[in-house]
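S.K.: coords33.txt is the file, holding compact mmCIF, C-alpha atoms and all ligand atoms:
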```
# COMPACT_ATOMS: atom_id res chain seq x y z
CA MET A 126 -8.12 58.86 151.78
CA ARG A 127 -5.43 56.62 150.32
CA LEU A 128 -6.75 53.38 148.92
CA SER A 129 -5.04 50.15 148.03
CA GLN A 130 -5.34 48.62 144.58
CA PHE A 131 -8.11 46.40 146.01
CA GLY A 132 -9.76 49.50 147.49
CA GLU A 133 -9.56 51.42 144.24
CA THR A 134 -10.89 48.53 142.20
CA LEU A 135 -13.84 47.77 144.44
CA SER A 136 -14.80 51.33 145.31
CA ALA A 137 -14.59 52.67 141.76
CA ASP A 138 -17.73 53.57 139.83
CA SER A 139 -19.00 50.35 138.32
CA SER A 140 -22.02 49.24 136.32
CA ILE A 141 -23.30 47.02 139.11
CA VAL A 142 -23.13 49.84 141.67
CA SER A 143 -24.93 52.32 139.41
CA LEU A 144 -27.53 49.66 138.62
CA MET A 145 -28.18 49.05 142.32
CA ASP A 146 -28.14 52.79 142.95
CA ASP A 147 -30.87 53.28 140.32
CA LEU A 148 -32.77 50.33 141.78
CA GLY A 149 -32.59 51.67 145.34
CA SER A 150 -33.61 55.16 144.31
CA ALA A 151 -36.50 53.98 142.12
CA LEU A 152 -37.93 51.32 144.41
CA ARG A 153 -37.37 53.05 147.74
CA ASP A 154 -36.82 56.82 147.38
CA ASN A 155 -38.35 57.92 144.09
CA PRO A 156 -41.32 55.69 143.28
CA ASP A 157 -42.45 57.86 140.35
CA MET A 158 -39.59 56.53 138.24
CA LEU A 159 -40.73 53.96 135.67
CA PHE A 160 -38.41 51.21 136.68
CA LEU A 161 -37.38 48.69 134.06
CA GLY A 162 -33.82 48.65 135.37
CA GLY A 163 -32.21 46.24 137.87
CA GLY A 164 -33.19 42.68 138.60
CA ASN A 165 -35.60 43.08 141.50
CA PRO A 166 -38.16 40.26 141.43
CA ALA A 167 -41.84 41.01 140.96
CA ARG A 168 -44.46 41.02 143.70
CA ILE A 169 -46.47 37.83 143.26
CA PRO A 170 -49.13 37.75 146.00
CA ALA A 171 -49.38 33.94 146.25
CA VAL A 172 -45.60 33.67 146.52
CA GLU A 173 -45.39 36.46 149.08
CA ALA A 174 -48.01 34.67 151.17
CA ALA A 175 -46.16 31.34 150.97
CA LEU A 176 -42.83 32.93 151.89
CA SER A 177 -44.15 34.91 154.83
CA GLY A 178 -46.07 31.80 155.98
CA ALA A 179 -42.80 29.85 155.94
CA LEU A 180 -41.07 32.58 157.94
CA LYS A 181 -43.91 32.65 160.48
CA ASP A 182 -43.66 28.86 160.87
CA ALA A 183 -39.92 29.15 161.45
CA LEU A 184 -40.51 31.82 164.11
CA ALA A 185 -43.44 30.07 165.81
CA ASP A 186 -41.29 27.39 167.47
CA PRO A 187 -38.93 29.03 170.04
CA GLU A 188 -36.22 26.42 169.46
CA LYS A 189 -36.32 26.97 165.69
CA ALA A 190 -36.44 30.74 166.18
CA TRP A 191 -33.35 30.60 168.39
CA GLN A 192 -31.52 28.40 165.88
CA MET A 193 -32.41 30.94 163.21
CA LEU A 194 -31.61 34.16 165.02
CA GLY A 195 -29.28 33.30 167.86
CA VAL A 196 -26.69 30.85 166.51
CA TYR A 197 -23.82 31.12 164.03
CA GLN A 198 -23.80 28.45 161.35
CA SER A 199 -20.90 26.12 160.67
CA PRO A 200 -18.66 26.96 157.66
CA ALA A 201 -20.70 25.32 154.88
CA GLY A 202 -24.01 26.51 156.38
CA ASP A 203 -27.11 24.92 157.94
CA THR A 204 -26.32 21.19 157.96
CA GLN A 205 -29.93 20.06 158.13
CA LEU A 206 -30.88 22.12 155.09
CA ARG A 207 -27.86 20.87 153.16
CA GLN A 208 -28.89 17.28 153.91
CA GLU A 209 -32.54 17.80 153.07
CA LEU A 210 -31.73 19.66 149.87
CA ALA A 211 -29.27 16.97 148.78
CA ASP A 212 -31.95 14.30 149.45
CA CYS A 213 -34.52 16.25 147.46
CA LEU A 214 -32.22 16.80 144.45
CA ARG A 215 -30.96 13.20 144.53
CA ARG A 216 -34.54 11.92 144.48
CA ARG A 217 -35.74 14.37 141.83
CA TYR A 218 -32.73 14.40 139.46
CA GLN A 219 -30.67 11.38 140.52
CA TRP A 220 -27.68 13.68 141.09
CA PRO A 221 -25.15 11.74 143.20
CA ILE A 222 -24.89 14.36 145.93
CA SER A 223 -24.90 14.58 149.71
CA ALA A 224 -24.68 17.46 152.19
CA GLU A 225 -20.91 17.50 151.51
CA ASN A 226 -21.63 18.75 147.98
CA ILE A 227 -23.54 21.80 149.19
CA ALA A 228 -22.48 25.09 150.76
CA LEU A 229 -24.60 28.10 151.62
CA ALA A 230 -23.57 31.71 151.16
CA ASN A 231 -24.90 35.21 151.65
CA GLY A 232 -26.30 35.73 148.15
CA SER A 233 -24.88 34.48 144.90
CA GLN A 234 -23.08 37.76 144.15
CA SER A 235 -20.74 37.13 147.07
CA ALA A 236 -20.59 33.40 146.25
CA PHE A 237 -19.28 34.34 142.79
CA PHE A 238 -16.66 36.61 144.34
CA VAL A 239 -15.34 33.67 146.35
CA LEU A 240 -15.64 31.11 143.55
CA PHE A 241 -14.08 33.20 140.80
CA ASN A 242 -11.15 34.24 142.97
CA LEU A 243 -10.64 30.68 144.22
CA PHE A 244 -10.09 29.54 140.65
CA ALA A 245 -8.71 32.52 138.72
CA GLY A 246 -6.23 35.35 139.17
CA LYS A 247 -2.62 35.04 140.25
CA MET A 248 -1.52 31.44 140.78
CA THR A 249 1.10 30.29 143.30
CA ASP A 250 3.57 29.62 140.45
CA GLY A 251 3.29 33.27 139.36
CA SER A 252 1.13 32.59 136.29
CA ALA A 253 -2.34 34.09 135.93
CA ARG A 254 -5.61 32.38 135.01
CA HIS A 255 -8.92 33.77 133.84
CA ILE A 256 -12.62 32.96 133.91
CA GLN A 257 -13.85 32.07 130.45
CA LEU A 258 -17.33 33.19 129.40
CA PRO A 259 -18.41 31.00 126.48
CA LEU A 260 -20.65 33.75 125.20
CA VAL A 261 -21.49 37.37 125.87
CA PRO A 262 -23.71 39.28 126.61
CA GLU A 263 -23.38 37.97 130.15
CA TYR A 264 -24.21 39.20 133.67
CA LEU A 265 -22.61 42.60 134.31
CA GLY A 266 -22.30 41.86 138.02
CA TYR A 267 -19.34 39.58 137.27
CA SER A 268 -17.26 42.44 135.86
CA GLU A 269 -15.68 43.83 139.00
CA LEU A 270 -15.52 40.61 141.02
CA GLY A 271 -12.11 39.49 139.84
CA LEU A 272 -9.13 40.50 141.96
CA GLY A 273 -6.77 40.76 139.05
CA SER A 274 -6.42 42.34 135.67
CA ASP A 275 -7.53 40.58 132.51
CA PHE A 276 -9.74 38.40 134.70
CA TYR A 277 -12.33 37.43 132.07
CA ARG A 278 -12.12 36.27 128.49
CA ALA A 279 -15.27 36.12 126.46
CA SER A 280 -16.32 34.99 123.02
CA ARG A 281 -18.77 36.63 120.68
CA PRO A 282 -21.85 34.49 120.13
CA ASP A 283 -23.36 33.28 116.92
CA ILE A 284 -26.48 35.35 116.11
CA GLU A 285 -29.46 33.55 114.64
CA LEU A 286 -31.87 36.03 113.03
CA ILE A 287 -35.46 34.85 113.46
CA GLY A 288 -38.14 36.48 111.31
CA GLU A 289 -38.12 40.23 110.98
CA HIS A 290 -37.97 41.16 114.64
CA SER A 291 -36.44 38.33 116.71
CA PHE A 292 -33.01 36.82 117.21
CA LYS A 293 -31.16 34.38 119.43
CA TYR A 294 -27.57 33.98 120.56
CA HIS A 295 -25.85 30.61 120.46
CA VAL A 296 -22.42 29.58 121.71
CA ASP A 297 -20.14 29.88 118.70
CA PHE A 298 -18.12 26.71 119.13
CA SER A 299 -15.84 27.71 116.25
CA ARG A 300 -14.77 30.85 118.11
CA PHE A 301 -14.83 29.72 121.73
CA ALA A 302 -11.67 28.00 122.93
CA ILE A 303 -10.46 26.95 126.35
CA ASP A 304 -6.77 27.78 126.58
CA ALA A 305 -4.15 26.67 129.08
CA ASP A 306 -4.86 29.71 131.29
CA SER A 307 -8.61 29.22 131.53
CA ALA A 308 -9.52 28.48 135.15
CA ALA A 309 -13.24 27.79 134.71
CA LEU A 310 -16.12 28.35 132.35
CA CYS A 311 -19.11 30.32 133.54
CA VAL A 312 -22.51 30.81 132.00
CA SER A 313 -25.78 32.13 133.40
CA ARG A 314 -28.79 30.00 132.42
CA PRO A 315 -31.23 31.66 131.80
CA THR A 316 -28.84 34.41 130.86
CA ASN A 317 -29.02 37.82 132.42
CA PRO A 318 -29.44 40.10 130.37
CA THR A 319 -30.87 38.28 127.35
CA GLY A 320 -33.34 35.73 128.70
CA ASN A 321 -31.50 33.17 126.58
CA VAL A 322 -31.58 29.59 127.84
CA ILE A 323 -28.67 27.82 126.28
CA ALA A 324 -29.97 24.49 125.01
CA ASP A 325 -29.27 21.16 126.72
CA ALA A 326 -27.10 20.14 123.75
CA GLU A 327 -25.09 23.38 123.92
CA LEU A 328 -24.60 22.86 127.66
CA ALA A 329 -23.50 19.28 127.03
CA GLY A 330 -20.94 20.65 124.52
CA LEU A 331 -19.58 23.05 127.14
CA ASP A 332 -19.55 20.30 129.77
CA GLU A 333 -17.59 18.02 127.46
CA ARG A 334 -15.03 20.70 126.64
CA ALA A 335 -14.66 21.76 130.27
CA LYS A 336 -14.06 18.15 131.33
CA ALA A 337 -11.55 17.60 128.53
CA ALA A 338 -9.67 20.75 129.60
CA GLY A 339 -9.83 19.79 133.30
CA VAL A 340 -11.68 22.96 134.35
CA PRO A 341 -15.04 23.28 136.11
CA LEU A 342 -18.18 24.52 134.38
CA ILE A 343 -19.91 27.08 136.59
CA ILE A 344 -23.63 27.43 135.91
CA ASP A 345 -25.24 30.53 137.35
CA GLY A 346 -28.78 29.37 138.01
CA ALA A 347 -29.99 32.60 139.65
CA TYR A 348 -33.14 32.42 137.47
CA GLY A 349 -32.89 28.80 136.52
CA LEU A 350 -33.23 25.19 137.42
CA PRO A 351 -34.11 23.52 139.74
CA PHE A 352 -35.40 26.72 141.38
CA PRO A 353 -36.67 29.41 140.92
CA GLY A 354 -37.23 27.77 137.52
CA ILE A 355 -38.03 30.90 135.47
CA VAL A 356 -37.56 28.99 132.23
CA PHE A 357 -40.08 29.03 129.38
CA THR A 358 -38.46 26.42 127.13
CA GLU A 359 -37.83 22.70 127.48
CA ALA A 360 -34.56 22.60 129.40
CA CYS A 361 -33.12 20.14 131.90
CA ALA A 362 -31.41 20.92 135.19
CA HIS A 363 -27.75 19.95 134.89
CA TRP A 364 -25.18 18.81 137.44
CA ASN A 365 -22.25 16.44 137.53
CA GLU A 366 -19.00 16.41 139.51
CA ASN A 367 -17.41 18.86 137.09
CA THR A 368 -20.29 21.35 137.49
CA VAL A 369 -20.48 24.15 140.02
CA LEU A 370 -24.16 25.05 140.17
CA VAL A 371 -24.92 28.33 141.93
CA LEU A 372 -28.54 28.87 142.98
CA SER A 373 -30.13 31.79 144.76
CA LEU A 374 -33.33 32.49 146.67
CA SER A 375 -33.47 36.05 145.34
CA LYS A 376 -35.59 35.57 142.23
CA LEU A 377 -37.96 33.29 144.09
CA GLY A 378 -38.94 36.50 145.87
CA LEU A 379 -36.35 36.67 148.65
CA PRO A 380 -33.60 39.12 147.59
CA GLY A 381 -33.74 40.56 151.11
CA VAL A 382 -32.52 37.41 152.85
CA ARG A 383 -29.30 37.15 150.77
CA THR A 384 -29.06 33.39 150.43
CA ALA A 385 -27.24 31.35 147.80
CA ILE A 386 -26.64 27.64 147.45
CA VAL A 387 -23.52 26.26 145.80
CA ILE A 388 -23.56 22.63 144.61
CA ALA A 389 -20.19 21.22 143.58
CA ASP A 390 -17.66 18.45 144.00
CA GLU A 391 -16.62 18.00 147.65
CA PRO A 392 -13.10 19.53 147.43
CA ILE A 393 -14.56 22.66 145.83
CA ILE A 394 -17.22 22.89 148.55
CA ARG A 395 -14.57 22.54 151.26
CA ALA A 396 -12.41 25.28 149.73
CA PHE A 397 -15.45 27.47 149.20
CA ALA A 398 -16.72 27.04 152.78
CA GLN A 399 -13.32 27.86 154.26
CA ALA A 400 -12.85 30.97 152.13
CA ASN A 401 -16.41 32.07 152.82
CA THR A 402 -15.86 31.69 156.55
CA VAL A 403 -12.82 33.93 156.39
CA LEU A 404 -14.88 36.55 154.58
CA SER A 405 -18.30 36.24 156.24
CA LEU A 406 -17.72 34.16 159.36
CA ALA A 407 -21.01 32.41 158.68
CA ALA A 408 -23.87 32.38 156.22
CA GLY A 409 -27.10 33.96 157.43
CA ASN A 410 -29.80 31.70 158.83
CA VAL A 411 -33.06 33.34 157.80
CA GLY A 412 -33.02 32.25 154.14
CA PRO A 413 -32.02 28.68 155.02
CA ALA A 414 -34.76 28.49 157.70
CA ILE A 415 -37.39 29.62 155.16
CA THR A 416 -36.00 27.14 152.62
CA ARG A 417 -36.30 24.30 155.14
CA GLU A 418 -39.96 25.12 155.68
CA LEU A 419 -40.52 25.26 151.91
CA LEU A 420 -38.78 21.91 151.44
CA ALA A 421 -40.82 20.33 154.24
CA SER A 422 -44.06 21.48 152.61
CA GLU A 423 -42.74 20.44 149.17
CA GLN A 424 -43.15 23.98 147.89
CA LEU A 425 -39.56 24.81 146.97
CA LEU A 426 -39.54 23.35 143.46
CA GLN A 427 -43.29 23.53 143.03
CA MET A 428 -43.56 27.26 143.73
CA GLY A 429 -41.18 28.12 140.90
CA ARG A 430 -42.90 25.79 138.46
CA GLU A 431 -46.49 26.63 139.36
CA LYS A 432 -46.44 30.23 140.51
CA VAL A 433 -43.22 32.08 139.64
CA ALA A 434 -42.50 30.91 136.08
CA PRO A 435 -46.14 31.23 134.83
CA PHE A 436 -46.32 34.75 136.27
CA TYR A 437 -43.20 35.91 134.41
CA ARG A 438 -44.16 34.06 131.25
CA GLU A 439 -47.46 35.92 131.07
CA ARG A 440 -45.79 39.24 131.88
CA CYS A 441 -43.18 38.53 129.23
CA GLU A 442 -45.77 37.82 126.54
CA GLN A 443 -47.69 40.99 127.42
CA THR A 444 -44.52 43.08 127.26
CA VAL A 445 -43.46 41.64 123.91
CA THR A 446 -46.91 42.42 122.45
CA LEU A 447 -46.72 45.93 123.83
CA LEU A 448 -43.22 46.55 122.49
CA ARG A 449 -44.12 45.19 119.05
CA ALA A 450 -46.93 47.73 118.82
CA ALA A 451 -44.86 50.61 120.21
CA LEU A 452 -41.75 49.96 118.09
CA GLN A 453 -43.59 49.43 114.79
CA GLY A 454 -41.63 50.84 111.86
CA LEU A 455 -38.32 50.87 113.77
CA PRO A 456 -35.45 48.45 113.08
CA TYR A 457 -35.71 46.53 116.34
CA ARG A 458 -35.19 42.90 117.28
CA ILE A 459 -36.11 41.23 120.58
CA HIS A 460 -34.02 38.33 121.80
CA GLN A 461 -36.14 35.17 121.96
CA PRO A 462 -37.44 35.36 125.55
CA GLU A 463 -36.79 31.94 127.05
CA GLY A 464 -36.57 32.75 130.74
CA ALA A 465 -35.45 35.14 133.51
CA ILE A 466 -37.22 38.46 133.96
CA PHE A 467 -35.78 40.55 131.14
CA LEU A 468 -36.14 41.39 127.49
CA TRP A 469 -33.05 42.23 125.47
CA LEU A 470 -33.68 44.63 122.62
CA TRP A 471 -31.33 45.14 119.69
CA PHE A 472 -31.59 48.33 117.64
CA GLU A 473 -29.29 47.67 114.71
CA GLY A 474 -27.35 50.74 113.55
CA LEU A 475 -28.59 52.81 116.54
CA PRO A 476 -26.99 56.25 115.96
CA VAL A 477 -26.26 56.82 119.69
CA PRO A 478 -24.56 54.39 122.10
CA SER A 479 -26.89 52.52 124.44
CA ASP A 480 -25.56 54.47 127.42
CA GLU A 481 -26.73 57.72 125.81
CA LEU A 482 -30.16 56.17 125.27
CA TYR A 483 -30.14 55.16 128.96
CA LYS A 484 -29.37 58.78 129.98
CA ARG A 485 -32.08 60.23 127.74
CA LEU A 486 -34.62 57.79 129.14
CA LYS A 487 -33.55 58.46 132.70
CA ALA A 488 -34.11 62.18 132.08
CA ARG A 489 -37.66 61.24 131.08
CA GLY A 490 -38.23 59.16 134.20
CA VAL A 491 -37.62 55.72 132.69
CA LEU A 492 -34.87 53.42 133.94
CA ILE A 493 -33.46 50.73 131.70
CA ILE A 494 -29.95 49.23 131.53
CA ALA A 495 -27.58 50.11 128.69
CA GLY A 496 -26.45 46.98 126.88
CA GLU A 497 -22.79 47.90 126.57
CA HIS A 498 -22.05 46.88 130.18
CA PHE A 499 -22.91 43.23 129.58
CA PHE A 500 -19.80 42.22 127.67
CA PRO A 501 -17.18 41.45 130.36
CA GLY A 502 -14.01 40.00 128.90
CA LEU A 503 -14.76 40.77 125.26
CA GLN A 504 -11.50 42.09 123.92
CA GLU A 505 -12.44 42.88 120.32
CA PRO A 506 -14.53 45.93 119.42
CA TRP A 507 -18.10 45.09 118.46
CA ALA A 508 -20.70 47.69 117.43
CA HIS A 509 -23.49 45.33 118.51
CA GLN A 510 -22.48 45.94 122.13
CA TYR A 511 -23.70 49.57 121.90
CA GLU A 512 -26.96 48.78 120.10
CA CYS A 513 -28.78 46.81 122.81
CA VAL A 514 -30.68 47.57 125.99
CA ARG A 515 -32.11 45.40 128.75
CA ILE A 516 -35.51 45.96 130.24
CA SER A 517 -37.12 44.13 133.13
CA TYR A 518 -40.78 43.19 133.02
CA ALA A 519 -41.06 42.52 136.74
CA GLN A 520 -42.81 45.80 137.60
CA PRO A 521 -46.60 46.17 137.38
CA ALA A 522 -48.00 46.05 133.82
CA HIS A 523 -49.02 49.75 133.74
CA VAL A 524 -45.43 50.76 134.58
CA VAL A 525 -44.01 48.56 131.83
CA GLU A 526 -46.61 49.90 129.39
CA GLN A 527 -45.90 53.59 130.06
CA ALA A 528 -42.16 53.01 129.95
CA ALA A 529 -42.34 51.06 126.66
CA LEU A 530 -44.08 53.98 124.97
CA ILE A 531 -41.42 56.46 126.12
CA LEU A 532 -38.67 54.01 125.12
CA ALA A 533 -40.14 53.75 121.62
CA GLU A 534 -40.31 57.56 121.33
CA GLU A 535 -36.68 57.98 122.33
CA VAL A 536 -35.48 55.22 120.01
CA ALA A 537 -37.40 56.82 117.13
CA ARG A 538 -35.86 60.21 117.99
CA ALA A 539 -32.38 58.66 118.03
CA TYR A 540 -32.87 57.08 114.58
CA HIS A 541 -34.35 60.27 113.11
CA SER A 542 -32.08 62.91 114.60
CA GLY A 543 -29.19 61.04 116.30
C1 LIG B 601 -27.31 36.17 136.66
C2 LIG B 601 -27.22 36.64 138.07
N1 LIG B 601 -26.35 36.03 138.89
C3 LIG B 601 -26.22 36.40 140.16
C4 LIG B 601 -26.97 37.44 140.68
C5 LIG B 601 -26.80 37.82 142.12
O1 LIG B 601 -27.96 37.58 142.84
P1 LIG B 601 -28.03 37.39 144.43
O2 LIG B 601 -26.72 37.91 144.99
O3 LIG B 601 -29.20 38.19 144.85
O4 LIG B 601 -28.17 35.92 144.70
C6 LIG B 601 -27.88 38.11 139.87
C7 LIG B 601 -28.67 39.23 140.41
O5 LIG B 601 -29.49 39.83 139.76
C8 LIG B 601 -28.01 37.70 138.52
O6 LIG B 601 -28.85 38.31 137.70
```
For the structure just supplied, provide its representation as structure tokens.
M.R.:
Amino acid sequence: MRLSQFGETLSADSSIVSLMDDLGSALRDNPDMLFLGGGNPARIPAVEAALSGALKDALADPEKAWQMLGVYQSPAGDTQLRQELADCLRRRYQWPISAENIALANGSQSAFFVLFNLFAGKMTDGSARHIQLPLVPEYLGYSELGLGSDFYRASRPDIELIGEHSFKYHVDFSRFAIDADSAALCVSRPTNPTGNVIADAELAGLDERAKAAGVPLIIDGAYGLPFPGIVFTEACAHWNENTVLVLSLSKLGLPGVRTAIVIADEPIIRAFAQANTVLSLAAGNVGPAITRELLASEQLLQMGREKVAPFYRERCEQTVTLLRAALQGLPYRIHQPEGAIFLWLWFEGLPVPSDELYKRLKARGVLIIAGEHFFPGLQEPWAHQYECVRISYAQPAHVVEQAALILAEEVARAYHSG
């Protein structure tokens, strides 16, 4: 087989593919694995019931069922949903948006592929532009999306040490700079992998700088606001005409329907919808149909706030308590958990790289994610990168508990004998 540069880039081994490979094998083929790896959402019975109820309602009416299963959507996706969603967000947040500011896509991963490559890469004048990540660690799934070399630039964060065993990353505004070749800023909020929620003031600082530089600020709201709202701190949903807000139904409990929602200025939405049509022909209808039912019953925002976020918050607190007991005596720090479905652990001076720790744990039936893959675009060497791991707390509590004990044993072994 002879592959093009595109073929080689996209078919090469990558962190996101091995993560999804681990996820598939643990959750479908090898259920004995203790799975704290990829970002599959938890099973929350009340949410499952609401989502399958919404799907049943969409299927019950033959006209609606036909619209859902038998008809291609127009380029920006289900017009009625785009209108209803715009109305809902305008009422709730006073965002000045209409259906023309919204496009639907088949999952946010593919939406990011389109967005990033619309803005960055080779320009028509022969120059090249990059996506700027104001801080790393940042979502590893971005890494291979760029169709060009040197596609990301990232800045190291400021680290605030909190007590003996906590810490928090902040945007280091003294380090982070938007240069003439920056095409857009992008930040996930809450951040995958750290559970960091960059503060409203920090976001306002990024917004101001992005506007001044004439580049959009992309906010990856896969876990965030307005939905699914897995945020444990006081934080406001943010949008203005310079923002590209990317939302997803996945962490609400619907990763199987592959639906994302992009909210942006109209010219961006038009460009996005056209490019997405070339790639996908049309966005799927099942996720949008469920979303319409949830909007009609006023559950879309409410479900995140009342059922999803409290579930993860409780699971998060239990997992932190468990880890604190298991890791006693070891030099660990846990990133302040402010949202999403992960904990980010930092083992300062860890004698083996995080990928080796991942392999040792995998051999013992525990899947985590090595931290070193979450630094796309960071060009300077940084030992910290190899000292962190990400664990998910979305699996049942007994799985998390067993896995935490094995994790602690392996970390202790690494410190004591390398
Ligand atoms: C931060 C972040 N962005 C985007 C995605 C992609 O999600 P999806 O394609 O399911 O919408 C994920 C998936 O885990 C994620 O964690």
S.K.: For His460 of chain A, work out the shell of residues within 6 Å, counting all atoms listed in the file and skipping chain neighbours fewer than 2 positions away, then give it as a ChimeraX atom specification.
M.R.: /A:291-293,462,469
S.K.: Limited to C-alpha atoms, could you put the picked residues into a file as a PDB file, keeping the file's coordinate frame?
M.R.:
```
ATOM      1  CA  SER A 291     -36.440  38.330 116.710  1.00  0.00           C
ATOM      2  CA  PHE A 292     -33.010  36.820 117.210  1.00  0.00           C
ATOM      3  CA  LYS A 293     -31.160  34.380 119.430  1.00  0.00           C
ATOM      4  CA  PRO A 462     -37.440  35.360 125.550  1.00  0.00           C
ATOM      5  CA  TRP A 469     -33.050  42.230 125.470  1.00  0.00           C
TER       6      TRP A 469
END
```
S.K.: For Gln427 of chain A, work out the shell of residues within 12 Å, counting all atoms listed in the file and skipping chain neighbours fewer than 6 positions away, then give it as a VMD selection string.
M.R.: chain A and resid 172 175 217 350 to 355 377 419 to 421 433 to 435
S.K.: Report, in Å with one decimal, the straight-line distance from atom CA of Arg515 of chain A to atom CA of Ala465 of chain A.
M.R.: 11.8 Å
S.K.: Name all residues at most 9 Å from Ala245 of chain A (count all atoms listed in the file; drop same-chain ones fewer than 6 positions away) and give them as a VMD selection string.
M.R.: chain A and resid 253 to 256 271 to 273 276 306 to 309
S.K.: Can you spit out the residues from that selection as a short mmCIF file (atom, residue, chain, number, x, y, z; two decimals), keeping the file's coordinate frame, using C-alpha atoms?
M.R.:
```cif
data_model
loop_
_atom_site.label_atom_id
_atom_site.label_comp_id
_atom_site.auth_asym_id
_atom_site.auth_seq_id
_atom_site.Cartn_x
_atom_site.Cartn_y
_atom_site.Cartn_z
CA ALA A 253 -2.34 34.09 135.93
CA ARG A 254 -5.61 32.38 135.01
CA HIS A 255 -8.92 33.77 133.84
CA ILE A 256 -12.62 32.96 133.91
CA GLY A 271 -12.11 39.49 139.84
CA LEU A 272 -9.13 40.50 141.96
CA GLY A 273 -6.77 40.76 139.05
CA PHE A 276 -9.74 38.40 134.70
CA ASP A 306 -4.86 29.71 131.29
CA SER A 307 -8.61 29.22 131.53
CA ALA A 308 -9.52 28.48 135.15
CA ALA A 309 -13.24 27.79 134.71
#
```
S.K.: Calculated over only C-alpha atoms, which of the candidates A:Asn401, A:Asn321, A:Ser479, A:Ser233 has the smallest distance to Glu512 of chain A?
M.R.: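 Looking at the shortest contact to Glu512 of chain A, the residue is A:Ser479.
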S.K.: Report as a list of chain:residue names which protein, DNA and RNA residues come within 7 Å of ligand LIG 601 (chain B), using only C-alpha atoms and all ligand atoms.
M.R.: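 So the residues close to ligand LIG 601 (chain B) are A:Gly164, A:Gly232, A:Ser233, A:Gln234, A:Ser235, A:Tyr264, A:Gly266, A:Ser313, A:Thr316, A:Asn317, A:Asp345, A:Ala347, A:Tyr348, A:Ser373, A:Leu374, A:Ser375, A:Pro380, A:Arg383, A:Thr384, A:Ala385.
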S.K.: Could you give me, as a ChimeraX atom specification, the residues within 12 Å of Ser542 of chain A, counting only C-alpha atoms and dropping anything in the same chain fewer than 3 positions from it?
M.R.: /A:475-477,534-539
S.K.: For Phe301 of chain A, find every residue with an atom within 10 Å (counting all atoms listed in the file), except residues of its own chain fewer than 4 positions away, and show them as a list of chain:residue names.
M.R.: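 Here the answer would be A:Gln257, A:Leu258, A:Pro259, A:Leu260, A:Arg278, A:Ala279, A:Ser280, A:Arg281, A:Pro282, A:Val296, A:Asp297, A:Leu331.
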